[in-house]
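The file model_10.cif contains mmCIF, C-alpha atoms and all ligand atoms:
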```cif
data_final
loop_
_atom_site.label_atom_id
_atom_site.label_comp_id
_atom_site.auth_asym_id
_atom_site.auth_seq_id
_atom_site.Cartn_x
_atom_site.Cartn_y
_atom_site.Cartn_z
CA MET A 1 0.00 0.00 0.00
CA LYS A 2 1.63 3.28 -1.12
CA LYS A 3 1.19 6.14 1.39
CA ILE A 4 1.36 9.91 0.85
CA ALA A 5 2.61 12.39 3.48
CA LEU A 6 0.15 14.70 5.23
CA THR A 7 1.04 17.80 7.21
CA PRO A 8 0.42 17.55 10.97
CA VAL A 9 -2.41 20.07 10.49
CA ASN A 10 -4.12 17.94 7.85
CA SER A 11 -3.69 14.75 9.92
CA THR A 12 -6.93 15.68 11.71
CA ARG A 13 -8.78 14.93 8.47
CA LEU A 14 -8.04 11.22 8.97
CA ILE A 15 -9.99 11.04 12.22
CA ASN A 16 -12.31 13.98 11.73
CA HIS A 17 -15.52 12.10 11.08
CA GLY A 18 -17.16 11.33 14.42
CA PRO A 19 -20.74 12.61 14.39
CA VAL A 20 -21.15 16.34 14.05
CA VAL A 21 -23.03 17.83 16.99
CA MET A 22 -25.05 21.02 17.36
CA VAL A 23 -24.02 22.45 20.71
CA THR A 24 -26.57 24.49 22.63
CA SER A 25 -25.45 26.87 25.38
CA GLY A 26 -26.98 29.66 27.45
CA ALA A 27 -30.46 29.62 28.96
CA ASP A 28 -32.67 32.73 28.45
CA LYS A 29 -31.20 33.51 25.04
CA PRO A 30 -29.74 30.16 24.02
CA ASN A 31 -27.32 29.74 21.12
CA ILE A 32 -26.38 26.90 18.77
CA PHE A 33 -22.98 26.20 17.19
CA THR A 34 -21.82 23.26 15.06
CA ALA A 35 -18.90 21.16 16.33
CA ALA A 36 -17.14 18.33 14.52
CA TRP A 37 -14.43 18.11 17.18
CA ASN A 38 -16.11 16.32 20.05
CA MET A 39 -15.47 12.95 21.63
CA PRO A 40 -16.08 10.77 24.69
CA VAL A 41 -13.04 10.65 27.00
CA ALA A 42 -14.13 8.65 30.05
CA ARG A 43 -16.85 6.32 31.31
CA GLU A 44 -17.36 6.34 35.05
CA GLU A 45 -19.70 4.35 37.26
CA ASN A 46 -22.64 6.77 37.03
CA SER A 47 -21.46 9.30 34.50
CA ALA A 48 -19.25 9.96 31.50
CA ILE A 49 -16.91 12.74 30.40
CA VAL A 50 -16.97 14.26 26.91
CA ALA A 51 -14.54 16.68 25.28
CA LEU A 52 -15.36 19.59 23.01
CA ALA A 53 -12.74 21.63 21.15
CA ILE A 54 -14.11 25.14 20.75
CA ASN A 55 -12.42 28.26 19.47
CA PRO A 56 -12.39 30.72 22.41
CA ASP A 57 -13.46 33.50 20.00
CA HIS A 58 -16.84 31.84 19.47
CA TYR A 59 -19.84 33.34 21.22
CA SER A 60 -20.72 29.84 22.46
CA TYR A 61 -17.42 29.63 24.35
CA HIS A 62 -18.41 32.61 26.48
CA LEU A 63 -21.91 31.21 27.08
CA ILE A 64 -20.50 27.82 28.15
CA LYS A 65 -18.01 29.47 30.52
CA GLU A 66 -20.67 31.85 31.89
CA HIS A 67 -23.43 29.27 32.46
CA GLY A 68 -21.27 26.19 33.08
CA GLN A 69 -23.59 23.99 30.99
CA PHE A 70 -23.99 22.85 27.40
CA VAL A 71 -25.80 20.18 25.40
CA LEU A 72 -24.45 18.08 22.50
CA ASN A 73 -27.44 17.62 20.16
CA ILE A 74 -26.95 14.99 17.47
CA PRO A 75 -28.53 15.94 14.12
CA GLY A 76 -29.62 13.51 11.39
CA MET A 77 -28.76 14.09 7.71
CA GLU A 78 -32.03 15.97 7.15
CA LEU A 79 -30.60 18.82 9.28
CA LEU A 80 -27.43 19.30 7.17
CA ASP A 81 -28.51 22.79 6.02
CA MET A 82 -29.09 23.84 9.66
CA VAL A 83 -25.68 22.40 10.59
CA ILE A 84 -24.08 24.70 8.01
CA ILE A 85 -26.09 27.76 9.11
CA CYS A 86 -25.25 27.23 12.81
CA GLY A 87 -21.62 26.60 11.85
CA SER A 88 -21.20 29.74 9.77
CA THR A 89 -23.07 32.44 11.69
CA SER A 90 -22.53 33.84 15.17
CA GLY A 91 -25.01 34.09 18.01
CA ARG A 92 -23.48 37.52 18.64
CA GLU A 93 -25.32 38.72 15.54
CA ILE A 94 -28.39 36.51 15.15
CA ASP A 95 -30.79 34.33 17.12
CA LYS A 96 -30.05 30.93 15.52
CA PHE A 97 -33.20 29.27 16.89
CA LYS A 98 -35.29 31.97 15.14
CA GLU A 99 -33.16 31.96 11.98
CA THR A 100 -33.35 28.16 11.50
CA GLY A 101 -36.83 27.54 12.92
CA LEU A 102 -35.33 24.80 15.14
CA THR A 103 -37.33 24.17 18.32
CA PRO A 104 -35.84 24.72 21.79
CA ILE A 105 -37.21 22.13 24.23
CA LYS A 106 -36.66 21.69 27.95
CA ALA A 107 -33.73 19.51 28.98
CA GLN A 108 -33.90 16.95 31.81
CA ALA A 109 -31.02 18.17 33.98
CA VAL A 110 -29.70 21.52 32.69
CA ASP A 111 -31.25 24.96 31.97
CA THR A 112 -29.87 25.03 28.43
CA PRO A 113 -32.51 23.81 25.93
CA LEU A 114 -32.26 20.81 23.63
CA ILE A 115 -32.94 21.06 19.88
CA GLY A 116 -36.24 19.20 19.38
CA GLU A 117 -35.47 18.13 15.79
CA CYS A 118 -32.19 16.38 16.75
CA ILE A 119 -32.17 12.59 17.25
CA GLY A 120 -30.09 12.47 20.43
CA HIS A 121 -28.97 14.76 23.26
CA ILE A 122 -26.11 14.70 25.79
CA GLU A 123 -26.59 17.18 28.64
CA CYS A 124 -23.32 18.34 30.23
CA ILE A 125 -22.01 20.39 33.13
CA PHE A 126 -18.67 22.16 32.62
CA GLU A 127 -15.95 20.11 34.34
CA ASP A 128 -12.54 21.40 33.28
CA GLU A 129 -10.54 23.25 30.61
CA PRO A 130 -7.05 21.71 30.45
CA ARG A 131 -6.04 24.08 27.61
CA PRO A 132 -7.89 27.13 26.22
CA GLY A 133 -10.94 25.93 24.28
CA LEU A 134 -10.64 22.26 25.24
CA ILE A 135 -13.80 21.90 27.30
CA LEU A 136 -14.46 18.77 29.32
CA GLY A 137 -18.08 18.18 30.28
CA ARG A 138 -19.63 15.80 32.77
CA VAL A 139 -22.71 14.10 31.35
CA VAL A 140 -25.70 14.56 33.67
CA ALA A 141 -28.47 13.24 31.38
CA ALA A 142 -28.90 11.88 27.86
CA SER A 143 -31.77 10.89 25.58
CA VAL A 144 -32.22 9.43 22.10
CA ALA A 145 -35.04 8.77 19.60
CA GLU A 146 -36.56 5.48 20.71
CA ASP A 147 -36.85 3.91 17.26
CA LEU A 148 -33.28 4.81 16.25
CA PHE A 149 -31.39 3.16 19.11
CA ASP A 150 -30.97 -0.48 20.14
CA GLU A 151 -27.77 -0.79 22.26
CA CYS A 152 -26.22 1.66 19.77
CA TRP A 153 -27.43 3.66 16.77
CA LYS A 154 -29.72 1.55 14.57
CA ILE A 155 -30.66 3.84 11.73
CA GLU A 156 -32.17 2.78 8.43
CA GLU A 157 -33.43 5.91 6.69
CA VAL A 158 -30.72 8.20 5.30
CA LYS A 159 -32.53 11.31 6.61
CA ASN A 160 -31.82 10.16 10.18
CA ARG A 161 -28.22 8.96 9.76
CA THR A 162 -25.60 10.83 11.76
CA ILE A 163 -23.59 13.49 9.91
CA HIS A 164 -19.82 13.08 9.71
CA HIS A 165 -17.63 16.01 8.71
CA LEU A 166 -14.70 15.01 6.51
CA GLY A 167 -13.37 18.58 6.46
CA GLY A 168 -14.18 21.68 4.37
CA LYS A 169 -17.45 21.25 2.45
CA TYR A 170 -17.34 17.42 2.60
CA PHE A 171 -19.60 15.22 4.72
CA SER A 172 -20.59 11.57 4.85
CA TYR A 173 -22.96 9.31 6.75
CA PRO A 174 -22.49 5.74 8.04
CA ALA A 175 -23.57 2.75 5.97
CA GLU A 176 -25.34 -0.31 7.40
CA ARG A 177 -24.85 -1.44 10.99
CA VAL A 178 -22.74 -4.63 11.07
CA ILE A 179 -22.74 -7.06 14.02
CA SER A 180 -19.51 -8.97 14.75
CA GLN A 181 -19.55 -12.67 15.70
C1 LIG A 201 -19.22 21.26 9.87
C2 LIG A 201 -18.65 22.26 10.86
C3 LIG A 201 -17.91 21.82 11.94
C4 LIG A 201 -17.38 22.74 12.88
N1 LIG A 201 -16.68 22.27 13.95
C5 LIG A 201 -16.19 23.16 14.87
C6 LIG A 201 -15.51 22.67 16.03
O1 LIG A 201 -15.37 21.46 16.26
N2 LIG A 201 -15.04 23.60 16.91
C7 LIG A 201 -15.20 24.96 16.71
O2 LIG A 201 -14.74 25.75 17.53
N3 LIG A 201 -15.86 25.44 15.63
C8 LIG A 201 -16.37 24.56 14.72
N4 LIG A 201 -17.07 25.03 13.62
C9 LIG A 201 -17.24 26.48 13.44
C10 LIG A 201 -18.36 27.07 14.34
O3 LIG A 201 -19.52 26.27 14.33
C11 LIG A 201 -18.70 28.49 13.83
O4 LIG A 201 -17.55 29.31 13.90
C12 LIG A 201 -19.88 29.14 14.51
O5 LIG A 201 -20.30 30.21 13.71
C13 LIG A 201 -19.61 29.64 15.93
O6 LIG A 201 -20.84 30.17 16.40
P1 LIG A 201 -21.02 31.11 17.70
O7 LIG A 201 -20.14 32.33 17.50
O8 LIG A 201 -22.48 31.46 17.66
O9 LIG A 201 -20.63 30.32 18.89
C14 LIG A 201 -17.59 24.13 12.69
C15 LIG A 201 -18.36 24.58 11.58
C16 LIG A 201 -18.89 23.65 10.69
C17 LIG A 201 -19.71 24.14 9.51
#
```

Now, as a test, write the supplied structure out as structure tokens.
Ligand SMILES: Cc1cc2nc3c(=O)[nH]c(=O)nc-3n(C[C@H](O)[C@H](O)[C@H](O)COP(=O)(O)O)c2cc1C
Amino acid sequence: MKKIALTPVNSTRLINHGPVVMVTSGADKPNIFTAAWNMPVAREENSAIVALAINPDHYSYHLIKEHGQFVLNIPGMELLDMVIICGSTSGREIDKFKETGLTPIKAQAVDTPLIGECIGHIECIFEDEPRPGLILGRVVAASVAEDLFDECWKIEEVKNRTIHHLGGKYFSYPAERVISQ
């Protein structure tokens, strides 16, 4: 297998494609921003820790630091246009719930709303920031569309498949679920 060299910066493109999330933050005037760089980092007895890499210039960064809460909302493919809008506009200038028509709904354990149209939600409390913009969150509640989850994602229709950002304007979605022996 012949390999080509990548710059360290472009190396992120090889592992970029975990599901894109739409992060909500704030409470009275909540905001939404799109994040490809998110991942689980620990499973504990009654909780889990997730990481979110957010540019400290983003409006959402200030809301997360101010309120100490955020929610990772997982969109299906049918929300790709909203993912782009929330990832290319700032809550400093517009109300993204109004602009997109997405529905804020009450969360179970935090004051920050969920996005009703998303297929899953991970509610987090700010835990730590080991370097600027690397936010660790403790999961305090989570929920998922009943018919799309059976031990893990079990999605048939393309409109509900998770969105994976390959970098730039490129996205993909997972193929069939495969069960190992
Ligand atoms: C597909 C996609 C993925 C993105 N992933 C991230 C990310 O992981 N971290 C980040 O800081 N910004 C990311 N962005 C950029 C922010 O979503 C964007 O700058 C947004 O406008 C910030 O909004 P805010 O100022 O309202 O917080 C991404 C944008 C897109 C379109």

Checklist entry - Distance atom CA of A:Ile163-atom CA of A:Ala109, one decimal place? => result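 According to the coordinates, atom CA of A:Ile163 and atom CA of A:Ala109 are separated by 25.6 Å.
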
Any residue with an atom at most 6 Å from ligand LIG 201 (chain A) counts, using only C-alpha atoms and all ligand atoms. Which are they? Put them as a tab-separated table (two decimals) with C-alpha atoms, in the coordinates of the input.
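To be explicit, this is the file written out as pocket-v9.tsv:
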```
chain	number	residue	atom	x	y	z
A	33	PHE	CA	-22.98	26.20	17.19
A	34	THR	CA	-21.82	23.26	15.06
A	35	ALA	CA	-18.90	21.16	16.33
A	36	ALA	CA	-17.14	18.33	14.52
A	37	TRP	CA	-14.43	18.11	17.18
A	53	ALA	CA	-12.74	21.63	21.15
A	54	ILE	CA	-14.11	25.14	20.75
A	55	ASN	CA	-12.42	28.26	19.47
A	58	HIS	CA	-16.84	31.84	19.47
A	59	TYR	CA	-19.84	33.34	21.22
A	60	SER	CA	-20.72	29.84	22.46
A	84	ILE	CA	-24.08	24.70	8.01
A	86	CYS	CA	-25.25	27.23	12.81
A	87	GLY	CA	-21.62	26.60	11.85
A	88	SER	CA	-21.20	29.74	9.77
A	89	THR	CA	-23.07	32.44	11.69
A	90	SER	CA	-22.53	33.84	15.17
A	91	GLY	CA	-25.01	34.09	18.01
A	165	HIS	CA	-17.63	16.01	8.71
```

Name all residues at most 8 Å from stretch 128-144 of chain A (count all atoms listed in the file; drop same-chain ones fewer than 6 positions away) and give them as a compact mmCIF listing (two decimals) with C-alpha atoms, keeping the file's coordinate frame.
```
# COMPACT_ATOMS: atom_id res chain seq x y z
CA SER A 47 -21.46 9.30 34.50
CA ALA A 48 -19.25 9.96 31.50
CA ILE A 49 -16.91 12.74 30.40
CA VAL A 50 -16.97 14.26 26.91
CA ALA A 51 -14.54 16.68 25.28
CA LEU A 52 -15.36 19.59 23.01
CA ALA A 53 -12.74 21.63 21.15
CA ILE A 54 -14.11 25.14 20.75
CA ASN A 55 -12.42 28.26 19.47
CA PRO A 56 -12.39 30.72 22.41
CA TYR A 61 -17.42 29.63 24.35
CA GLN A 108 -33.90 16.95 31.81
CA ALA A 109 -31.02 18.17 33.98
CA ILE A 119 -32.17 12.59 17.25
CA GLY A 120 -30.09 12.47 20.43
CA HIS A 121 -28.97 14.76 23.26
CA ILE A 122 -26.11 14.70 25.79
```

Next on the checklist: Just to confirm, what's the straight-line distance from atom CA of A:Thr24 to atom CA of A:Leu72 in Å (one decimal)?
Outcome noted: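 A separation of 6.8 Å between them.
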
Checklist entry - Which residue gives the smallest distance to A:Glu157 among A:Ile115, A:Ile15, A:Ile4, A:Met77, with only C-alpha atoms counted? => result A:Met77

Checklist entry - For A:Gly116, which of A:Ile85, A:Glu45, A:Met22, A:Phe171 is the closest residue, counting only C-alpha atoms? => result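 The answer is A:Met22, which sits nearest to A:Gly116.
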
Next on the checklist: One decimal, in Å: what's the spacing between atom CA of A:Asn73 and atom CA of A:Val23?
Outcome noted: 5.9 Å

Checklist entry - Which one of A:Ile64, A:Leu79, A:Ile74, A:Leu166 sits closest to A:Ile125 if you count all atoms listed in the file? => result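 Of A:Ile64, A:Leu79, A:Ile74, A:Leu166, the one nearest A:Ile125 is A:Ile64, counting all atoms listed in the file.
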
Next on the checklist: Measuring between all atoms listed in the file, which one of A:Lys2, A:Ile32, A:Thr103, A:Pro19 shows the shortest distance to A:Arg161?
Outcome noted: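 Selected residue with least distance to A:Arg161: A:Pro19.
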
Because the input lacks atoms here, generate N, CA and C atoms for stretch 61-79 of chain A and report them as a PDB file, in the frame of the given file.
```pdb
ATOM      1  N   TYR A  61     -18.445  29.849  23.315  1.00  0.00           N
ATOM      2  CA  TYR A  61     -17.420  29.630  24.350  1.00  0.00           C
ATOM      3  C   TYR A  61     -17.752  30.463  25.585  1.00  0.00           C
ATOM      4  N   HIS A  62     -18.112  31.727  25.345  1.00  0.00           N
ATOM      5  CA  HIS A  62     -18.410  32.610  26.480  1.00  0.00           C
ATOM      6  C   HIS A  62     -19.671  32.140  27.211  1.00  0.00           C
ATOM      7  N   LEU A  63     -20.671  31.697  26.438  1.00  0.00           N
ATOM      8  CA  LEU A  63     -21.910  31.210  27.080  1.00  0.00           C
ATOM      9  C   LEU A  63     -21.626  29.966  27.924  1.00  0.00           C
ATOM     10  N   ILE A  64     -20.810  29.058  27.400  1.00  0.00           N
ATOM     11  CA  ILE A  64     -20.500  27.820  28.150  1.00  0.00           C
ATOM     12  C   ILE A  64     -19.748  28.170  29.440  1.00  0.00           C
ATOM     13  N   LYS A  65     -18.782  29.098  29.332  1.00  0.00           N
ATOM     14  CA  LYS A  65     -18.010  29.470  30.520  1.00  0.00           C
ATOM     15  C   LYS A  65     -18.892  30.214  31.527  1.00  0.00           C
ATOM     16  N   GLU A  66     -19.810  31.049  31.012  1.00  0.00           N
ATOM     17  CA  GLU A  66     -20.670  31.850  31.890  1.00  0.00           C
ATOM     18  C   GLU A  66     -21.700  30.984  32.616  1.00  0.00           C
ATOM     19  N   HIS A  67     -22.337  30.069  31.873  1.00  0.00           N
ATOM     20  CA  HIS A  67     -23.430  29.270  32.460  1.00  0.00           C
ATOM     21  C   HIS A  67     -22.962  27.930  33.011  1.00  0.00           C
ATOM     22  N   GLY A  68     -21.788  27.461  32.578  1.00  0.00           N
ATOM     23  CA  GLY A  68     -21.270  26.190  33.080  1.00  0.00           C
ATOM     24  C   GLY A  68     -22.060  24.978  32.608  1.00  0.00           C
ATOM     25  N   GLN A  69     -22.789  25.109  31.504  1.00  0.00           N
ATOM     26  CA  GLN A  69     -23.590  23.990  30.990  1.00  0.00           C
ATOM     27  C   GLN A  69     -23.584  24.037  29.459  1.00  0.00           C
ATOM     28  N   PHE A  70     -23.790  22.906  28.853  1.00  0.00           N
ATOM     29  CA  PHE A  70     -23.990  22.850  27.400  1.00  0.00           C
ATOM     30  C   PHE A  70     -24.602  21.506  27.058  1.00  0.00           C
ATOM     31  N   VAL A  71     -25.177  21.435  25.853  1.00  0.00           N
ATOM     32  CA  VAL A  71     -25.800  20.180  25.400  1.00  0.00           C
ATOM     33  C   VAL A  71     -25.246  19.839  24.014  1.00  0.00           C
ATOM     34  N   LEU A  72     -24.814  18.574  23.836  1.00  0.00           N
ATOM     35  CA  LEU A  72     -24.450  18.080  22.500  1.00  0.00           C
ATOM     36  C   LEU A  72     -25.712  17.481  21.897  1.00  0.00           C
ATOM     37  N   ASN A  73     -26.246  18.123  20.857  1.00  0.00           N
ATOM     38  CA  ASN A  73     -27.440  17.620  20.160  1.00  0.00           C
ATOM     39  C   ASN A  73     -26.967  16.949  18.883  1.00  0.00           C
ATOM     40  N   ILE A  74     -27.422  15.730  18.642  1.00  0.00           N
ATOM     41  CA  ILE A  74     -26.950  14.990  17.470  1.00  0.00           C
ATOM     42  C   ILE A  74     -27.978  15.108  16.341  1.00  0.00           C
ATOM     43  N   PRO A  75     -27.583  15.791  15.230  1.00  0.00           N
ATOM     44  CA  PRO A  75     -28.530  15.940  14.120  1.00  0.00           C
ATOM     45  C   PRO A  75     -28.485  14.736  13.186  1.00  0.00           C
ATOM     46  N   GLY A  76     -29.602  14.469  12.493  1.00  0.00           N
ATOM     47  CA  GLY A  76     -29.620  13.510  11.390  1.00  0.00           C
ATOM     48  C   GLY A  76     -29.362  14.258  10.094  1.00  0.00           C
ATOM     49  N   MET A  77     -29.093  13.502   9.015  1.00  0.00           N
ATOM     50  CA  MET A  77     -28.760  14.090   7.710  1.00  0.00           C
ATOM     51  C   MET A  77     -29.757  15.144   7.236  1.00  0.00           C
ATOM     52  N   GLU A  78     -31.034  15.000   7.622  1.00  0.00           N
ATOM     53  CA  GLU A  78     -32.030  15.970   7.150  1.00  0.00           C
ATOM     54  C   GLU A  78     -31.768  17.381   7.691  1.00  0.00           C
ATOM     55  N   LEU A  79     -30.900  17.491   8.710  1.00  0.00           N
ATOM     56  CA  LEU A  79     -30.600  18.820   9.280  1.00  0.00           C
ATOM     57  C   LEU A  79     -29.281  19.408   8.754  1.00  0.00           C
TER      58      LEU A  79
END
```
